[in-house]
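Chemist: So that you have it, the file is query_2.cif, and it contains mmCIF, C-alpha atoms:
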```cif
data_input
#
loop_
_atom_site.label_atom_id
_atom_site.label_comp_id
_atom_site.auth_asym_id
_atom_site.auth_seq_id
_atom_site.Cartn_x
_atom_site.Cartn_y
_atom_site.Cartn_z
CA MET A 1 -93.70 -91.89 -72.95
CA GLY A 2 -92.91 -89.50 -75.79
CA THR A 3 -96.40 -88.03 -75.87
CA LYS A 4 -96.16 -87.38 -72.15
CA TRP A 5 -93.13 -85.19 -72.63
CA ILE A 6 -94.69 -83.41 -75.57
CA GLY A 7 -97.77 -82.75 -73.43
CA LEU A 8 -95.60 -81.33 -70.68
CA ILE A 9 -93.79 -79.02 -73.08
CA ILE A 10 -97.02 -77.82 -74.69
CA ARG A 11 -98.47 -77.16 -71.24
CA LEU A 12 -95.34 -75.19 -70.35
CA LEU A 13 -95.60 -73.07 -73.49
CA ILE A 14 -99.28 -72.41 -72.77
CA VAL A 15 -98.77 -71.24 -69.15
CA VAL A 16 -95.86 -69.02 -70.07
CA PHE A 17 -97.81 -67.58 -72.99
CA LEU A 18 -100.83 -66.94 -70.75
CA GLN A 19 -98.59 -65.29 -68.18
CA VAL A 20 -96.72 -62.90 -70.44
CA VAL A 21 -99.55 -62.07 -72.82
CA ILE A 22 -102.70 -62.06 -70.72
CA CYS A 23 -101.94 -62.11 -66.99
CA LYS A 24 -99.34 -59.40 -67.34
CA ARG A 25 -101.95 -57.02 -68.66
CA ILE A 26 -104.47 -57.66 -65.90
CA ASN A 27 -104.28 -54.66 -63.69
CA LEU A 28 -107.11 -54.18 -61.22
CA ASP A 29 -106.74 -50.54 -60.37
CA TYR A 30 -109.45 -50.49 -57.76
CA GLY A 31 -108.44 -49.78 -54.14
CA ILE A 32 -106.96 -52.76 -52.39
CA LEU A 33 -107.24 -54.83 -55.57
CA SER A 34 -104.40 -52.87 -57.12
CA PHE A 35 -102.13 -55.19 -55.17
CA ALA A 36 -103.41 -58.14 -57.19
CA HIS A 37 -101.32 -59.71 -59.92
CA ILE A 38 -102.22 -62.99 -61.51
CA PHE A 39 -99.56 -65.67 -61.49
CA ILE A 40 -100.15 -68.70 -63.62
CA TYR A 41 -96.74 -70.01 -64.67
CA PRO A 42 -95.95 -71.46 -61.20
CA VAL A 43 -98.66 -74.01 -61.82
CA TRP A 44 -96.35 -75.87 -64.20
CA ILE A 45 -93.62 -76.17 -61.59
CA MET A 46 -96.28 -77.11 -59.06
CA ILE A 47 -97.75 -80.04 -60.93
CA ALA A 48 -94.64 -81.12 -62.83
CA PRO A 49 -94.22 -84.91 -62.58
CA THR A 50 -92.48 -86.04 -59.43
CA LYS A 51 -90.32 -88.24 -61.63
CA ILE A 52 -88.42 -85.19 -62.86
CA PRO A 53 -85.19 -85.05 -60.81
CA ARG A 54 -85.11 -82.16 -58.41
CA PRO A 55 -81.99 -80.44 -59.87
CA LEU A 56 -83.55 -80.62 -63.33
CA LEU A 57 -86.81 -79.12 -62.07
CA ILE A 58 -84.89 -76.28 -60.38
CA THR A 59 -82.97 -75.59 -63.57
CA ILE A 60 -86.14 -75.61 -65.68
CA ALA A 61 -87.80 -73.29 -63.15
CA PHE A 62 -84.85 -70.93 -63.44
CA PHE A 63 -85.27 -70.68 -67.19
CA ILE A 64 -89.04 -70.31 -66.99
CA GLY A 65 -88.55 -67.46 -64.54
CA LEU A 66 -85.91 -65.87 -66.71
CA PHE A 67 -88.17 -66.10 -69.73
CA VAL A 68 -91.05 -64.46 -67.86
CA ASP A 69 -88.64 -61.82 -66.59
CA MET A 70 -87.80 -60.90 -70.15
CA PHE A 71 -91.36 -59.75 -70.61
CA TYR A 72 -91.66 -58.14 -67.20
CA ASP A 73 -88.39 -56.21 -67.64
CA SER A 74 -87.19 -57.45 -64.29
CA PRO A 75 -84.22 -59.75 -64.91
CA GLY A 76 -83.88 -62.26 -62.12
CA VAL A 77 -86.92 -61.48 -59.99
CA HIS A 78 -89.29 -64.14 -61.34
CA ALA A 79 -86.34 -66.48 -61.78
CA ALA A 80 -85.38 -66.15 -58.13
CA ALA A 81 -88.96 -66.88 -57.02
CA SER A 82 -89.28 -69.84 -59.39
CA VAL A 83 -86.03 -71.39 -58.28
CA PHE A 84 -87.10 -70.97 -54.69
CA SER A 85 -90.52 -72.55 -55.16
CA ALA A 86 -89.08 -75.40 -57.24
CA TYR A 87 -86.60 -76.06 -54.46
CA ALA A 88 -89.30 -75.85 -51.80
CA ARG A 89 -91.73 -78.10 -53.70
CA SER A 90 -90.53 -81.43 -52.34
CA MET A 91 -90.63 -80.06 -48.80
CA ILE A 92 -94.17 -78.80 -49.30
CA LEU A 93 -95.18 -82.20 -50.70
CA ARG A 94 -93.64 -83.95 -47.72
CA PHE A 95 -95.38 -81.53 -45.39
CA LEU A 96 -98.79 -82.06 -46.99
CA GLU A 97 -98.49 -85.82 -47.50
CA PRO A 98 -101.85 -87.55 -46.97
CA ASP A 99 -102.18 -90.44 -44.51
CA ILE A 100 -102.35 -92.98 -47.28
CA GLY A 101 -99.33 -91.53 -49.04
CA TYR A 102 -99.04 -90.33 -52.62
CA ASP A 103 -100.04 -92.32 -55.64
CA THR A 104 -96.58 -92.70 -57.17
CA ASP A 105 -97.90 -92.70 -60.72
CA HIS A 106 -100.49 -89.93 -60.44
CA PRO A 107 -99.71 -87.75 -57.41
CA PHE A 108 -101.67 -84.77 -58.72
CA ASN A 109 -104.73 -86.53 -60.00
CA LEU A 110 -107.65 -84.44 -58.79
CA ASN A 111 -109.97 -87.43 -58.44
CA LYS A 112 -107.53 -89.23 -56.16
CA VAL A 113 -106.20 -86.46 -53.92
CA GLY A 114 -109.41 -84.46 -53.68
CA ILE A 115 -110.10 -80.80 -54.34
CA LEU A 116 -109.44 -79.66 -50.76
CA TRP A 117 -105.96 -81.15 -50.68
CA PHE A 118 -105.29 -79.59 -54.02
CA ILE A 119 -106.39 -76.14 -52.90
CA SER A 120 -104.23 -76.30 -49.81
CA TYR A 121 -101.25 -77.51 -51.87
CA CYS A 122 -101.85 -74.72 -54.35
CA GLY A 123 -102.12 -72.18 -51.52
CA VAL A 124 -98.95 -73.21 -49.71
CA PHE A 125 -96.93 -73.47 -52.91
CA LEU A 126 -98.08 -70.10 -54.17
CA LEU A 127 -97.61 -68.52 -50.78
CA ALA A 128 -93.94 -69.52 -50.88
CA HIS A 129 -93.61 -68.36 -54.46
CA LEU A 130 -95.41 -65.05 -54.06
CA PHE A 131 -93.88 -64.11 -50.75
CA PHE A 132 -90.44 -64.72 -52.16
CA TYR A 133 -91.32 -62.90 -55.35
CA TYR A 134 -92.64 -59.78 -53.66
CA SER A 135 -89.81 -59.74 -51.13
CA VAL A 136 -87.27 -59.81 -53.91
CA GLU A 137 -89.23 -57.27 -55.92
CA ALA A 138 -89.37 -54.81 -53.02
CA PHE A 139 -85.87 -55.89 -52.00
CA SER A 140 -86.26 -54.46 -48.55
CA PHE A 141 -88.50 -55.39 -45.65
CA VAL A 142 -89.14 -51.71 -45.16
CA PHE A 143 -92.04 -52.37 -47.53
CA PHE A 144 -93.43 -55.10 -45.31
CA TYR A 145 -97.04 -53.95 -45.64
CA GLU A 146 -96.88 -53.90 -49.42
CA ILE A 147 -95.22 -57.32 -49.51
CA ILE A 148 -97.86 -58.91 -47.28
CA MET A 149 -100.81 -57.27 -49.01
CA SER A 150 -99.56 -58.15 -52.48
CA THR A 151 -98.88 -61.72 -51.43
CA ILE A 152 -102.30 -62.31 -49.89
CA ILE A 153 -104.38 -60.65 -52.57
CA SER A 154 -102.44 -62.09 -55.48
CA LEU A 155 -102.62 -65.47 -53.79
CA LEU A 156 -106.44 -65.46 -53.70
CA PHE A 157 -106.73 -64.57 -57.38
CA SER A 158 -103.95 -66.82 -58.58
CA VAL A 159 -105.17 -69.93 -56.78
CA PHE A 160 -108.57 -69.45 -58.37
CA ILE A 161 -107.10 -69.04 -61.85
CA MET A 162 -104.77 -71.99 -61.37
CA LEU A 163 -107.59 -74.28 -60.32
CA ILE A 164 -109.51 -73.33 -63.43
CA PHE A 165 -106.44 -74.04 -65.53
CA ILE A 166 -105.92 -77.45 -63.93
CA LEU A 167 -109.57 -78.41 -64.33
CA LEU A 168 -109.47 -77.41 -67.99
CA SER A 169 -106.15 -78.98 -68.88
CA ASN A 170 -106.75 -82.03 -66.71
CA PRO A 171 -103.22 -83.45 -66.52
CA LYS A 172 -103.08 -87.19 -66.76
CA TYR A 173 -99.83 -87.72 -64.93
CA MET B 1 -63.10 -86.91 -55.18
CA ARG B 2 -65.46 -89.67 -54.16
CA ASN B 3 -66.51 -87.66 -51.15
CA LEU B 4 -67.14 -84.69 -53.36
CA LEU B 5 -69.38 -86.76 -55.63
CA ILE B 6 -71.29 -88.08 -52.64
CA LEU B 7 -71.68 -84.54 -51.40
CA ILE B 8 -73.02 -83.42 -54.77
CA ALA B 9 -75.37 -86.38 -54.97
CA LYS B 10 -76.69 -85.66 -51.52
CA TYR B 11 -76.93 -81.88 -51.57
CA GLY B 12 -76.88 -81.34 -55.32
CA SER B 13 -80.27 -79.70 -55.53
CA THR B 14 -79.56 -77.46 -52.56
CA LEU B 15 -76.26 -76.39 -54.06
CA LEU B 16 -77.92 -75.83 -57.41
CA PHE B 17 -80.67 -73.88 -55.71
CA LEU B 18 -78.17 -71.63 -53.93
CA PHE B 19 -76.13 -71.19 -57.08
CA LEU B 20 -79.13 -70.24 -59.20
CA GLU B 21 -80.40 -67.85 -56.51
CA LEU B 22 -77.01 -66.19 -56.54
CA VAL B 23 -77.23 -65.85 -60.30
CA CYS B 24 -80.72 -64.36 -59.91
CA PHE B 25 -79.59 -61.88 -57.33
CA PHE B 26 -76.69 -60.92 -59.51
CA LEU B 27 -79.14 -60.24 -62.35
CA ILE B 28 -81.53 -58.38 -60.07
CA ILE B 29 -78.89 -56.11 -58.62
CA ASN B 30 -77.23 -55.37 -61.92
CA PHE B 31 -80.20 -54.99 -64.22
CA ASN B 32 -83.02 -53.67 -62.03
CA LYS B 33 -82.85 -50.03 -61.17
CA SER B 34 -84.75 -49.85 -57.87
CA GLN B 35 -83.41 -53.10 -56.43
CA GLY B 36 -79.91 -52.19 -57.49
CA GLU B 37 -80.22 -48.85 -55.76
CA ILE B 38 -81.57 -50.43 -52.60
CA PHE B 39 -78.76 -52.96 -52.64
CA LEU B 40 -76.14 -50.30 -53.15
CA HIS B 41 -77.64 -48.12 -50.47
CA SER B 42 -77.89 -50.96 -47.96
CA ALA B 43 -74.40 -52.15 -48.78
CA ASN B 44 -73.15 -48.62 -48.28
CA LEU B 45 -75.05 -48.37 -45.02
CA LEU B 46 -73.50 -51.58 -43.78
CA SER B 47 -70.00 -50.94 -45.02
CA GLY B 48 -70.25 -47.33 -43.89
CA LYS B 49 -71.24 -48.44 -40.42
CA VAL B 50 -68.46 -51.00 -40.24
CA ASN B 51 -65.91 -48.54 -41.57
CA GLN B 52 -67.05 -45.92 -39.13
CA GLN B 53 -66.71 -48.25 -36.17
CA THR B 54 -63.29 -49.54 -37.18
CA GLN B 55 -62.20 -45.98 -37.81
CA LYS B 56 -63.40 -45.04 -34.33
CA ILE B 57 -61.44 -47.86 -32.76
CA SER B 58 -58.27 -47.13 -34.70
CA ASP B 59 -58.69 -43.42 -33.95
CA PHE B 60 -58.95 -44.24 -30.29
CA LEU B 61 -55.87 -46.42 -30.42
CA ARG B 62 -53.95 -43.71 -32.21
CA LEU B 63 -55.22 -40.96 -29.94
CA GLU B 64 -52.01 -40.48 -28.05
CA ALA B 65 -49.79 -40.36 -31.12
CA GLU B 66 -52.31 -38.05 -32.72
CA ASN B 67 -52.27 -35.82 -29.68
CA ASP B 68 -48.51 -35.64 -29.67
CA SER B 69 -48.36 -34.76 -33.33
CA LEU B 70 -50.99 -32.06 -32.83
CA LEU B 71 -49.02 -30.72 -29.91
CA THR B 72 -45.89 -30.50 -32.01
CA GLU B 73 -47.80 -28.84 -34.79
CA ASN B 74 -49.34 -26.38 -32.37
CA ALA B 75 -45.95 -25.58 -30.90
CA ARG B 76 -44.66 -24.91 -34.37
CA LEU B 77 -47.57 -22.64 -35.25
CA LEU B 78 -47.34 -20.75 -31.99
CA GLU B 79 -43.61 -20.35 -32.53
CA THR B 80 -44.23 -18.94 -35.97
CA ILE B 81 -46.89 -16.54 -34.75
CA ILE B 82 -44.88 -15.20 -31.86
CA ASN B 83 -41.71 -14.76 -33.86
CA PHE B 84 -43.77 -13.11 -36.57
CA ARG B 85 -45.30 -10.74 -34.08
CA ILE B 86 -41.97 -9.49 -32.71
CA HIS B 87 -40.53 -9.22 -36.18
CA ASP B 88 -43.32 -7.24 -37.73
CA GLN B 89 -41.10 -5.08 -39.91
CA GLU B 90 -40.82 -7.95 -42.34
CA ASN B 91 -44.43 -8.57 -43.07
CA ASN B 92 -44.34 -11.95 -44.69
CA PHE B 93 -45.84 -14.77 -42.72
CA GLU B 94 -44.58 -17.50 -45.01
CA ALA B 95 -41.00 -16.40 -44.47
CA PHE B 96 -41.39 -17.23 -40.80
CA GLU B 97 -42.85 -20.60 -41.47
CA ASN B 98 -39.88 -21.73 -43.42
CA LYS B 99 -36.83 -19.84 -42.15
CA ASP B 100 -35.51 -21.14 -38.88
CA SER B 101 -32.93 -18.41 -38.70
CA LEU B 102 -35.66 -15.84 -38.19
CA ALA B 103 -37.08 -17.73 -35.26
CA ILE B 104 -35.78 -16.06 -32.13
CA TYR B 105 -37.94 -18.17 -29.85
CA LYS B 106 -38.26 -21.93 -30.11
CA PHE B 107 -41.14 -23.85 -28.65
CA ILE B 108 -40.92 -27.24 -27.00
CA PRO B 109 -44.22 -29.06 -26.51
CA ALA B 110 -44.67 -30.81 -23.17
CA ARG B 111 -47.31 -32.71 -21.26
CA ILE B 112 -48.17 -31.86 -17.67
CA CYS B 113 -47.50 -34.78 -15.31
CA ASN B 114 -48.56 -33.16 -12.10
CA LYS B 115 -49.75 -29.81 -10.86
CA THR B 116 -51.22 -27.98 -7.94
CA THR B 117 -53.34 -24.87 -8.07
CA HIS B 118 -54.83 -24.64 -4.62
CA LEU B 119 -51.70 -24.00 -2.53
CA ARG B 120 -50.03 -20.73 -1.73
CA ASN B 121 -47.06 -21.76 -3.90
CA ASN B 122 -48.08 -23.83 -6.86
CA TYR B 123 -45.87 -25.89 -9.13
CA ILE B 124 -46.39 -27.97 -12.23
CA THR B 125 -44.32 -30.93 -13.30
CA LEU B 126 -43.74 -31.51 -17.00
CA CYS B 127 -43.07 -34.90 -18.56
CA SER B 128 -40.10 -33.54 -20.50
CA GLY B 129 -36.68 -32.60 -19.24
CA LYS B 130 -33.08 -32.07 -20.28
CA ASN B 131 -33.47 -34.72 -22.97
CA ASP B 132 -35.98 -32.47 -24.68
CA SER B 133 -33.57 -29.54 -24.25
CA ILE B 134 -35.51 -27.89 -21.48
CA ILE B 135 -33.32 -25.92 -19.10
CA GLU B 136 -33.93 -23.84 -16.01
CA GLY B 137 -35.36 -20.38 -16.47
CA MET B 138 -37.40 -21.10 -19.55
CA GLY B 139 -40.91 -19.73 -19.76
CA VAL B 140 -43.93 -21.99 -19.98
CA ILE B 141 -47.05 -20.93 -21.84
CA SER B 142 -50.22 -22.57 -23.04
CA ASN B 143 -52.13 -21.69 -26.16
CA THR B 144 -54.31 -19.31 -24.14
CA GLY B 145 -51.81 -17.61 -21.88
CA ILE B 146 -48.77 -17.83 -19.68
CA VAL B 147 -48.25 -20.65 -17.21
CA GLY B 148 -44.95 -20.25 -15.37
CA ILE B 149 -41.18 -20.51 -15.37
CA VAL B 150 -39.07 -23.67 -15.25
CA ASN B 151 -37.05 -23.83 -12.03
CA ASN B 152 -35.81 -27.37 -11.79
CA VAL B 153 -34.90 -29.88 -14.48
CA THR B 154 -33.92 -33.52 -14.47
CA ASP B 155 -33.26 -35.72 -17.48
CA ASN B 156 -36.88 -36.54 -18.14
CA TYR B 157 -38.86 -34.15 -15.98
CA ALA B 158 -39.03 -30.47 -15.35
CA GLN B 159 -40.65 -28.52 -12.58
CA ALA B 160 -41.98 -25.04 -13.11
CA ILE B 161 -43.12 -22.30 -10.77
CA THR B 162 -46.57 -21.37 -11.92
CA ILE B 163 -47.82 -17.82 -12.03
CA LEU B 164 -49.85 -18.86 -9.02
CA HIS B 165 -46.84 -18.63 -6.74
CA SER B 166 -46.00 -16.09 -4.08
CA GLN B 167 -42.58 -15.49 -5.61
CA SER B 168 -43.59 -15.19 -9.22
CA ARG B 169 -42.87 -11.84 -10.80
CA ILE B 170 -43.71 -11.38 -14.43
CA SER B 171 -43.32 -8.27 -16.48
CA ALA B 172 -46.59 -7.46 -18.23
CA ALA B 173 -47.93 -4.55 -20.18
CA LEU B 174 -51.15 -3.04 -21.39
CA LYS B 175 -51.60 -4.12 -24.96
CA SER B 176 -52.98 -0.78 -26.10
CA SER B 177 -50.47 1.61 -24.52
CA GLN B 178 -47.36 -0.48 -23.72
CA TYR B 179 -47.18 0.82 -20.13
CA HIS B 180 -45.87 -2.02 -18.08
CA GLY B 181 -45.88 -3.33 -14.57
CA THR B 182 -45.30 -6.51 -12.62
CA LEU B 183 -47.72 -9.36 -12.34
CA ILE B 184 -47.98 -11.01 -8.94
CA TRP B 185 -50.35 -13.47 -7.39
CA GLU B 186 -51.83 -12.51 -4.10
CA GLY B 187 -53.12 -15.97 -3.42
CA SER B 188 -56.80 -15.33 -3.67
CA GLU B 189 -58.20 -17.11 -6.69
CA ALA B 190 -56.64 -19.31 -9.32
CA ASN B 191 -57.78 -17.11 -12.16
CA LYS B 192 -56.94 -13.67 -10.75
CA LEU B 193 -53.58 -11.93 -10.70
CA SER B 194 -52.60 -8.41 -9.76
CA LEU B 195 -50.63 -6.03 -11.92
CA ILE B 196 -48.70 -3.64 -9.71
CA THR B 197 -46.29 -0.78 -10.35
CA LEU B 198 -48.25 0.35 -13.36
CA PRO B 199 -47.71 4.10 -13.55
CA LYS B 200 -50.84 6.06 -12.76
CA TYR B 201 -50.60 8.18 -15.87
CA ALA B 202 -51.17 5.07 -17.99
CA GLU B 203 -54.47 5.07 -19.84
CA ILE B 204 -56.44 2.13 -18.63
CA SER B 205 -60.01 0.94 -18.71
CA VAL B 206 -61.86 -2.16 -17.65
CA GLY B 207 -61.60 -4.92 -20.25
CA ASP B 208 -58.18 -3.91 -21.58
CA THR B 209 -55.97 -6.81 -22.58
CA ILE B 210 -52.78 -7.46 -20.63
CA VAL B 211 -49.91 -9.07 -22.52
CA THR B 212 -46.37 -9.97 -21.61
CA SER B 213 -43.98 -7.05 -22.09
CA GLY B 214 -41.06 -8.96 -23.53
CA TYR B 215 -38.60 -7.10 -21.28
CA SER B 216 -37.59 -10.24 -19.44
CA THR B 217 -35.75 -13.07 -21.07
CA VAL B 218 -38.46 -15.52 -20.17
CA PHE B 219 -41.48 -14.65 -22.26
CA PRO B 220 -41.64 -13.14 -25.70
CA ALA B 221 -43.56 -9.92 -26.06
CA GLY B 222 -47.25 -9.99 -26.76
CA VAL B 223 -48.32 -13.29 -25.24
CA PRO B 224 -51.87 -12.66 -23.98
CA VAL B 225 -52.27 -12.98 -20.24
CA GLY B 226 -55.68 -11.69 -19.26
CA LYS B 227 -57.95 -8.69 -19.14
CA VAL B 228 -58.48 -5.88 -16.69
CA LEU B 229 -61.22 -6.64 -14.19
CA ASN B 230 -60.94 -3.45 -12.15
CA TYR B 231 -58.24 -1.03 -11.05
CA SER B 232 -57.47 1.39 -8.25
CA ILE B 233 -54.72 3.75 -7.16
CA ASP B 234 -52.20 1.94 -4.98
CA GLY B 235 -51.67 2.90 -1.32
CA GLY B 236 -48.61 5.01 -2.14
CA GLY B 237 -50.53 6.98 -4.69
CA ASP B 238 -48.14 6.70 -7.64
CA ASN B 239 -49.21 3.48 -9.22
CA TYR B 240 -52.28 1.62 -10.29
CA LYS B 241 -53.07 -1.71 -8.82
CA VAL B 242 -54.95 -3.68 -11.46
CA GLU B 243 -56.88 -6.85 -10.94
CA VAL B 244 -56.36 -9.12 -13.95
CA GLU B 245 -58.55 -11.99 -14.92
CA LEU B 246 -56.51 -14.71 -16.62
CA PHE B 247 -57.39 -16.03 -20.07
CA ASN B 248 -56.21 -19.50 -19.30
CA ASN B 249 -57.38 -21.75 -16.53
CA LEU B 250 -54.50 -23.63 -14.98
CA ASN B 251 -56.87 -26.20 -13.57
CA LYS B 252 -57.84 -27.38 -17.01
CA LEU B 253 -54.43 -27.39 -18.67
CA SER B 254 -52.83 -30.63 -19.73
CA TYR B 255 -50.46 -29.53 -22.49
CA VAL B 256 -48.05 -26.61 -22.45
CA TYR B 257 -45.20 -25.18 -24.51
CA VAL B 258 -41.81 -24.36 -23.09
CA ILE B 259 -40.12 -21.36 -24.65
CA ASN B 260 -36.49 -21.65 -25.61
CA PHE B 261 -34.76 -18.31 -26.09
CA PRO B 262 -31.23 -19.03 -27.33
CA GLU B 263 -30.13 -15.41 -27.02
CA LYS B 264 -31.08 -15.35 -23.38
CA GLU B 265 -27.55 -15.48 -21.96
CA GLU B 266 -26.35 -12.76 -24.27
CA LYS B 267 -29.16 -10.52 -23.17
CA GLU B 268 -28.58 -11.24 -19.49
CA GLN B 269 -24.88 -10.59 -19.86
CA VAL B 270 -25.34 -7.16 -21.29
CA GLU B 271 -27.80 -6.30 -18.55
CA ILE B 272 -25.42 -7.42 -15.81
CA SER B 273 -22.41 -5.61 -17.24
CA ASP B 274 -24.54 -2.52 -17.38
CA GLY B 275 -24.80 -2.70 -13.64
CA ASN B 276 -28.39 -3.86 -13.35
#
```
Translate this structure into structure tokens?

Modeler:
Amino acid sequence: MGTKWIGLIIRLLIVVFLQVVICKRINLDYGILSFAHIFIYPVWIMIAPTKIPRPLLITIAFFIGLFVDMFYDSPGVHAAASVFSAYARSMILRFLEPDIGYDTDHPFNLNKVGILWFISYCGVFLLAHLFFYYSVEAFSFVFFYEIIMSTIISLLFSVFIMLIFILLSNPKY
Amino acid sequence: MRNLLILIAKYGSTLLFLFLELVCFFLIINFNKSQGEIFLHSANLLSGKVNQQTQKISDFLRLEAENDSLLTENARLLETIINFRIHDQENNFEAFENKDSLAIYKFIPARICNKTTHLRNNYITLCSGKNDSIIEGMGVISNTGIVGIVNNVTDNYAQAITILHSQSRISAALKSSQYHGTLIWEGSEANKLSLITLPKYAEISVGDTIVTSGYSTVFPAGVPVGKVLNYSIDGGGDNYKVEVELFNNLNKLSYVYVINFPEKEEKEQVEISDGN
């Protein structure tokens, strides 16, 4: 039990570190790709154990977002998106529930749920996160084109990076 | 209390979510320059719009009171100007604004209740009467020219003969040379009067301004009436007959000022005793 929690915390530190040190610097200044920003920290909220109570997950997400915001110099923007996606997570899970239901002990085990389910879960979750993030960042739907473009392009890159992260870290819960 | 706990247990995460989002938005608006500006701008747009609309409504509701106060103010200004004009030896405008004793003419604002302009003899009815200290024989002017003379007063209403009346006789003069004559209406058009008995040695040209002469007790001197449209020698050959185009349009008037001349009786008395 204890090692599980330690693993979770280490994973959290790793994603946040990757986000603020590496992903923040990735800036593809090439035409349409300039809209792309890599998001990796939402993956922790995404595959956090379903045993974590929802209010606790929302609170943790708030602090993760706030921490990332410290490095992005945008107090509240990442936090708002994280809180939103943490809140929306259970709804997304309900929406994407397979016919056989979730494995209560290992809901995010790649071997059980299959790669396609995982990609769609990743996509929907990130879509919610990114759309909320870019809306809050622009803060006005006057910039609708920029919001949509940023969301779609960042989504493609981020899902890819997240899948790589999950395959490498291979969470056991 | 128990209900509250149940509520928290049931909607706890939603409440927490909303609370944390509020915190986030607070942070965003206060510590992010561009978002803060957008928020402020949008908030101003919204509040500005709302304020503007409520202001419009309240303005509309207060329109009548506003109108009345403007009318009073106008009457006061006009009073000051006219008294100033006839008192030009003391060339200090502010003195006339403040000293009532210098005001020979007093102005009473009034609203027009009813009027005709298309008949041979036209009258207007004012919504003020004896209660507003209007009495018979007072002159009625608007801010653009003369209107008529009060001929009948009740407690709350007053009727005035307009200048568009077959019996109206008003002493008027050329502004430039002070030669004077009598203004009559020949019943042709609502904006044209005739100035008769103007001596033919008076210097006159088309476009000259006609003002009241101030010789009667009704109108103060120098109230603009109209301008010369054309002129010709009268049938008798001694006088000009001048066609005058009025400055004011009686059809469009809705507010007028009644002139109170407290020294009127004194002036009339001296004229009667003189044998006039």

Chemist: Report as JSON lines the residues of chain B within 7 Å of chain A, each with its shortest atom pair and distance in Å (one decimal), using only C-alpha atoms, ordered by chain and increasing residue number.

Modeler:
```
{"residue": "B:Gly12", "atom": "CA", "partner": "A:Pro55", "partner_atom": "CA", "distance": 6.9}
{"residue": "B:Ser13", "atom": "CA", "partner": "A:Pro55", "partner_atom": "CA", "distance": 4.7}
{"residue": "B:Leu16", "atom": "CA", "partner": "A:Pro55", "partner_atom": "CA", "distance": 6.6}
{"residue": "B:Phe17", "atom": "CA", "partner": "A:Tyr87", "partner_atom": "CA", "distance": 6.4}
{"residue": "B:Glu21", "atom": "CA", "partner": "A:Ala80", "partner_atom": "CA", "distance": 5.5}
{"residue": "B:Cys24", "atom": "CA", "partner": "A:Gly76", "partner_atom": "CA", "distance": 4.4}
{"residue": "B:Phe25", "atom": "CA", "partner": "A:Gly76", "partner_atom": "CA", "distance": 6.4}
{"residue": "B:Leu27", "atom": "CA", "partner": "A:Gly76", "partner_atom": "CA", "distance": 5.2}
{"residue": "B:Ile28", "atom": "CA", "partner": "A:Gly76", "partner_atom": "CA", "distance": 5.0}
{"residue": "B:Phe31", "atom": "CA", "partner": "A:Pro75", "partner_atom": "CA", "distance": 6.3}
{"residue": "B:Asn32", "atom": "CA", "partner": "A:Ser74", "partner_atom": "CA", "distance": 6.1}
{"residue": "B:Gln35", "atom": "CA", "partner": "A:Phe139", "partner_atom": "CA", "distance": 5.8}
{"residue": "B:Ile38", "atom": "CA", "partner": "A:Phe139", "partner_atom": "CA", "distance": 7.0}
```

Chemist: Find the residue from A:Ile6, A:Ala48, A:Leu167, A:Val68 that sits nearest to Lys24 in chain A; use all atoms listed in the file when measuring.

Modeler: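 Nearest to Lys24 in chain A: A:Val68.
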
Chemist: Which value, in Å to one decimal, gives the distance between CA of Phe143 in chain A and CA of Lys33 in chain B?

Modeler: 16.6 Å

Chemist: Can you list, as a VMD selection string, every protein, DNA or RNA residue that comes within 7 Å of range 258-264 of chain B when you count only C-alpha atoms, leaving out same-chain residues fewer than 3 positions away?

Modeler: chain B and resid 104 to 109 138 to 141 217 267 to 268

Chemist: Can I get the selection written as a compact mmCIF listing (two decimals), keeping the file's coordinate frame, with C-alpha atoms?

Modeler:
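Writing done, so here's out_6.txt:
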```txt
# COMPACT_ATOMS: atom_id res chain seq x y z
CA ILE B 104 -35.78 -16.06 -32.13
CA TYR B 105 -37.94 -18.17 -29.85
CA LYS B 106 -38.26 -21.93 -30.11
CA PHE B 107 -41.14 -23.85 -28.65
CA ILE B 108 -40.92 -27.24 -27.00
CA PRO B 109 -44.22 -29.06 -26.51
CA MET B 138 -37.40 -21.10 -19.55
CA GLY B 139 -40.91 -19.73 -19.76
CA VAL B 140 -43.93 -21.99 -19.98
CA ILE B 141 -47.05 -20.93 -21.84
CA THR B 217 -35.75 -13.07 -21.07
CA LYS B 267 -29.16 -10.52 -23.17
CA GLU B 268 -28.58 -11.24 -19.49
```

Chemist: Could you tell me which residues the PyMOL selection byres ((chain B and resi 193) around 9) grabs in this file, written as a list in words?

Modeler: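 Residues picked by the PyMOL selection byres ((chain B and resi 193) around 9): Ile163, Leu164, Leu183, Ile184, Trp185, Glu186, Gly187, Ser188, Glu189, Ala190, Asn191, Lys192, Ser194, Leu195, Gly226, Val242, Glu243, Val244, Glu245 and Leu246 of chain B.
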
Chemist: Would you compute the distance between CA of Ile161 in chain B and CA of Ile124 in chain B? Give it in Å to one decimal.

Modeler: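 Answer for the CA of Ile161 in chain B to CA of Ile124 in chain B separation: 6.7 Å.
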
Chemist: Work out how far CA of Phe144 in chain A is from CA of Gln53 in chain B, in Å to one decimal.

Modeler: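 A separation of 29.1 Å between them.
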
Chemist: Taking 3 positions as the minimum chain separation for residues in the same chain, which residues sit within 7 Å of Val15 in chain A when counting all atoms listed in the file? Answer as JSON, numbers by chain.

Modeler: {"A": [11, 12, 18, 19, 40, 41]}

Chemist: Just want the 7 Å neighbourhood of Ser154 in chain A, counted on only C-alpha atoms, with same-chain residues fewer than 2 positions away dropped. Output as a count of residues only.

Modeler: 10
